[in-house]
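Asker: Take a look at this one; I'll ask things after.
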Amino acid sequence: MEFFSESGRGESEVTLPEGLLGKPLLVEAWGGLLSKTFHIQGDQEGGGIFDRKDLGSSGWGRNRSHIIVPALYSSLQVSGDVIRKPGKWNLLIGELSTAPKLDGEISGEASRVFSYHGGEVDASVDFGGHGCLAMYNFDGSRRRELVKRNSKFHGVVSIPGPGLIAIQSGVGGRHWGSLPPWRISLG
């Protein structure tokens, strides 16, 4: 399995290495200690036409956000928003199979993706604000929401079996980036 690491300051283009082209990817994105979020877009070429799609955002500061990137892109763009450019940024890119295993109790303040290889299990889930627990197949091509809330949530959610388990945003169309505090614990 190949990992690719890139870091910098300001708006940048990151060309994916040949070993990761044509594969669905897991991108881990974070900034410096006091950094605001930055955005990641994917560039796709078809017939001489470039198409850019918003893929997600980093976590605030050093909070590491996970973003699933479909196999369509040859490069990624790091950008800010209309008011500011990104400061320090870091990306760790690997195949989806590099997602950490979901076991025990895990918490965070940004979107994350975990691999789960067990059978059906109940998970205790807490969202400190909004949140979504979603399940993807192992190639990231199919998404199923297990629970989605626009406010605080504490409850038990059934994970039906093996797949990628994602903690994502529960509001707006953007799934990846900073979140209110969350916790998940397997029963």
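By convention here, the chains of the structure tokens are called A, B, ... in the order presented, each chain's residues are numbered starting at 1, and ligands are numbered starting at 1 in the order presented.
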Pick out the residues sitting within 9 Å of range 37-52 of chain A, and hand them over as a short mmCIF file (atom, residue, chain, number, x, y, z; two decimals) with N, CA and C atoms, in the first residue's frame; count only C-alpha atoms, and ignore anything fewer than 4 positions along from it in its own chain.
Answerer:
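Printed below is around.cif as written:
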```cif
data_model
loop_
_atom_site.label_atom_id
_atom_site.label_comp_id
_atom_site.auth_asym_id
_atom_site.auth_seq_id
_atom_site.Cartn_x
_atom_site.Cartn_y
_atom_site.Cartn_z
N ALA A 29 -6.66 15.44 6.13
CA ALA A 29 -6.30 16.85 5.92
C ALA A 29 -6.30 17.61 7.24
N TRP A 30 -5.23 18.38 7.50
CA TRP A 30 -5.14 19.19 8.71
C TRP A 30 -4.20 20.36 8.48
N GLY A 31 -4.34 21.37 9.32
CA GLY A 31 -3.51 22.56 9.22
C GLY A 31 -2.56 22.67 10.39
N GLY A 56 -14.35 18.42 0.05
CA GLY A 56 -14.45 18.52 1.50
C GLY A 56 -13.49 19.55 2.06
N SER A 57 -13.39 19.56 3.38
CA SER A 57 -12.55 20.53 4.08
C SER A 57 -11.70 19.84 5.14
N SER A 58 -10.67 20.55 5.55
CA SER A 58 -9.84 20.08 6.65
C SER A 58 -10.57 20.32 7.96
N GLY A 59 -10.01 19.79 9.04
CA GLY A 59 -10.49 20.15 10.37
C GLY A 59 -9.88 21.48 10.78
N TRP A 60 -10.43 22.10 11.83
CA TRP A 60 -9.84 23.32 12.38
C TRP A 60 -8.51 22.98 13.03
N GLY A 61 -7.53 23.83 12.84
CA GLY A 61 -6.22 23.63 13.47
C GLY A 61 -5.64 22.28 13.14
N VAL A 69 -12.21 10.26 -1.49
CA VAL A 69 -12.06 10.85 -2.82
C VAL A 69 -12.29 9.74 -3.85
N LEU A 72 -11.82 9.29 -9.62
CA LEU A 72 -11.93 10.10 -10.84
C LEU A 72 -10.83 11.14 -11.02
N TYR A 73 -10.07 11.44 -9.98
CA TYR A 73 -9.25 12.65 -9.99
C TYR A 73 -7.75 12.36 -10.13
N SER A 74 -7.09 13.25 -10.88
CA SER A 74 -5.65 13.12 -11.07
C SER A 74 -4.88 14.12 -10.22
N SER A 75 -5.57 15.16 -9.74
CA SER A 75 -4.92 16.13 -8.87
C SER A 75 -5.95 16.71 -7.91
N LEU A 76 -5.44 17.29 -6.83
CA LEU A 76 -6.27 17.93 -5.82
C LEU A 76 -5.84 19.39 -5.69
N GLN A 77 -6.78 20.27 -5.46
CA GLN A 77 -6.50 21.68 -5.24
C GLN A 77 -6.75 22.02 -3.77
N VAL A 78 -5.81 22.69 -3.15
CA VAL A 78 -5.97 23.20 -1.79
C VAL A 78 -6.26 24.68 -1.93
N SER A 79 -7.39 25.12 -1.34
CA SER A 79 -7.77 26.53 -1.46
C SER A 79 -8.43 27.02 -0.18
N GLY A 80 -8.56 28.33 -0.08
CA GLY A 80 -9.26 28.96 1.04
C GLY A 80 -10.68 29.26 0.61
N ASP A 81 -11.17 30.40 1.03
CA ASP A 81 -12.49 30.84 0.59
C ASP A 81 -12.36 32.24 0.03
N LYS A 85 -6.95 33.14 2.08
CA LYS A 85 -6.22 32.00 1.50
C LYS A 85 -5.84 31.06 2.63
N PRO A 86 -5.60 29.78 2.30
CA PRO A 86 -5.21 28.85 3.38
C PRO A 86 -3.82 29.16 3.90
N GLY A 87 -3.63 28.88 5.19
CA GLY A 87 -2.30 28.98 5.78
C GLY A 87 -1.57 27.67 5.57
N TRP A 89 -0.95 23.82 5.49
CA TRP A 89 -1.81 22.67 5.26
C TRP A 89 -0.98 21.40 5.11
N GLY A 177 -15.19 17.49 7.00
CA GLY A 177 -14.59 18.68 7.59
C GLY A 177 -14.78 18.71 9.10
N SER A 178 -14.70 19.91 9.68
CA SER A 178 -14.84 20.08 11.13
C SER A 178 -16.26 19.75 11.57
#
```
Asker: Residues near Pro180 in chain A, anyone? I mean within 6 Å using only C-alpha atoms, not counting same-chain ones fewer than 3 positions away, as a list of chain:residue names.
Answerer: A:Glu109, A:Gly128, A:Gly129
Asker: Quick one: residues within 8 Å of range 98-104 of chain A, only C-alpha atoms counted, chain neighbours fewer than 5 positions away excluded, as a list of chain:residue names?
Answerer: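 My list of contacting residues is A:Met1, A:Leu26, A:Val113, A:Phe114, A:Ser115, A:Tyr116, A:Ile165, A:Ser185, A:Leu186.
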Asker: From a backbone DSSP assignment, name each residue in chain A labelled strand (DSSP E or B), as a PyMOL selection string.
Answerer: chain A and resi 3-9+12-15+25-31+39-46+49-57+65-69+75-79+88-95+101+105-110+112-116+121-127+131-136+143-149+153-159+163-168+178-186
Asker: Tell me, as number ranges by chain, which residues lie within 9 Å of Arg112 in chain A, counting only C-alpha atoms; anything in the same chain fewer than 6 positions away does not count.
Answerer: A: 28, 64-67, 99, 165-168, 176-177
Asker: Write out the residues from the selection above, keeping all heavy atoms, as a compact mmCIF listing (two decimals), in the first residue's frame.
Answerer:
```
# COMPACT_ATOMS: atom_id res chain seq x y z
N GLU A 28 -6.41 12.47 4.47
CA GLU A 28 -6.42 13.04 5.82
C GLU A 28 -5.87 14.45 5.68
O GLU A 28 -4.78 14.64 5.16
CB GLU A 28 -5.56 12.18 6.74
CG GLU A 28 -5.68 12.55 8.19
CD GLU A 28 -5.02 11.52 9.08
OE1 GLU A 28 -5.69 10.53 9.44
OE2 GLU A 28 -3.83 11.71 9.41
N ARG A 64 -7.63 16.44 12.45
CA ARG A 64 -7.47 15.77 11.15
C ARG A 64 -8.81 15.29 10.64
O ARG A 64 -9.48 14.50 11.28
CB ARG A 64 -6.51 14.61 11.28
CG ARG A 64 -5.11 15.08 11.62
CD ARG A 64 -4.18 13.92 11.87
NE ARG A 64 -2.86 14.41 12.17
CZ ARG A 64 -1.76 13.92 11.62
NH1 ARG A 64 -1.83 12.92 10.78
NH2 ARG A 64 -0.59 14.42 11.94
N SER A 65 -9.20 15.78 9.49
CA SER A 65 -10.45 15.35 8.87
C SER A 65 -10.13 14.31 7.80
O SER A 65 -9.08 14.36 7.16
CB SER A 65 -11.18 16.57 8.32
OG SER A 65 -11.27 16.58 6.96
N HIS A 66 -11.02 13.35 7.64
CA HIS A 66 -10.92 12.36 6.57
C HIS A 66 -11.89 12.73 5.47
O HIS A 66 -13.00 13.20 5.74
CB HIS A 66 -11.26 10.96 7.08
CG HIS A 66 -10.16 10.31 7.84
ND1 HIS A 66 -10.32 9.10 8.46
CD2 HIS A 66 -8.89 10.69 8.08
CE1 HIS A 66 -9.20 8.75 9.04
NE2 HIS A 66 -8.31 9.71 8.84
N ILE A 67 -11.49 12.48 4.23
CA ILE A 67 -12.31 12.75 3.06
C ILE A 67 -12.16 11.55 2.12
O ILE A 67 -11.04 11.17 1.78
CB ILE A 67 -11.85 14.03 2.32
CG1 ILE A 67 -11.90 15.23 3.27
CG2 ILE A 67 -12.66 14.26 1.06
CD1 ILE A 67 -11.16 16.45 2.75
N ALA A 99 -7.73 2.93 5.83
CA ALA A 99 -8.56 3.51 6.91
C ALA A 99 -8.30 2.75 8.21
O ALA A 99 -8.21 1.52 8.22
CB ALA A 99 -10.04 3.42 6.54
N ILE A 165 -17.02 2.89 7.89
CA ILE A 165 -17.90 3.64 8.76
C ILE A 165 -17.37 5.07 8.82
O ILE A 165 -16.20 5.29 9.14
CB ILE A 165 -17.95 3.03 10.18
CG1 ILE A 165 -18.34 1.55 10.12
CG2 ILE A 165 -18.87 3.84 11.08
CD1 ILE A 165 -19.70 1.28 9.51
N ALA A 166 -18.24 6.04 8.49
CA ALA A 166 -17.82 7.44 8.45
C ALA A 166 -18.63 8.28 9.42
O ALA A 166 -19.85 8.13 9.52
CB ALA A 166 -18.00 7.99 7.03
N ILE A 167 -17.94 9.15 10.15
CA ILE A 167 -18.59 10.16 10.96
C ILE A 167 -18.48 11.44 10.14
O ILE A 167 -17.37 11.86 9.78
CB ILE A 167 -17.91 10.33 12.34
CG1 ILE A 167 -18.14 9.08 13.21
CG2 ILE A 167 -18.51 11.51 13.07
CD1 ILE A 167 -17.15 8.02 13.01
N GLN A 168 -19.63 12.02 9.81
CA GLN A 168 -19.69 13.14 8.88
C GLN A 168 -20.59 14.24 9.41
O GLN A 168 -21.24 14.08 10.44
CB GLN A 168 -20.25 12.67 7.53
CG GLN A 168 -19.46 11.55 6.91
CD GLN A 168 -20.10 11.05 5.63
OE1 GLN A 168 -21.27 10.70 5.61
NE2 GLN A 168 -19.33 11.00 4.57
N TRP A 176 -17.62 16.35 4.68
CA TRP A 176 -16.28 16.21 5.26
C TRP A 176 -15.78 17.53 5.80
O TRP A 176 -15.85 18.55 5.15
CB TRP A 176 -15.32 15.69 4.19
CG TRP A 176 -15.85 14.50 3.46
CD1 TRP A 176 -16.31 14.47 2.17
CD2 TRP A 176 -15.99 13.17 3.95
NE1 TRP A 176 -16.72 13.21 1.85
CE2 TRP A 176 -16.54 12.38 2.91
CE3 TRP A 176 -15.71 12.56 5.17
CZ2 TRP A 176 -16.80 11.03 3.05
CZ3 TRP A 176 -15.98 11.21 5.31
CH2 TRP A 176 -16.52 10.46 4.25
N GLY A 177 -15.19 17.49 7.00
CA GLY A 177 -14.59 18.68 7.59
C GLY A 177 -14.78 18.71 9.10
O GLY A 177 -15.00 17.68 9.74
```
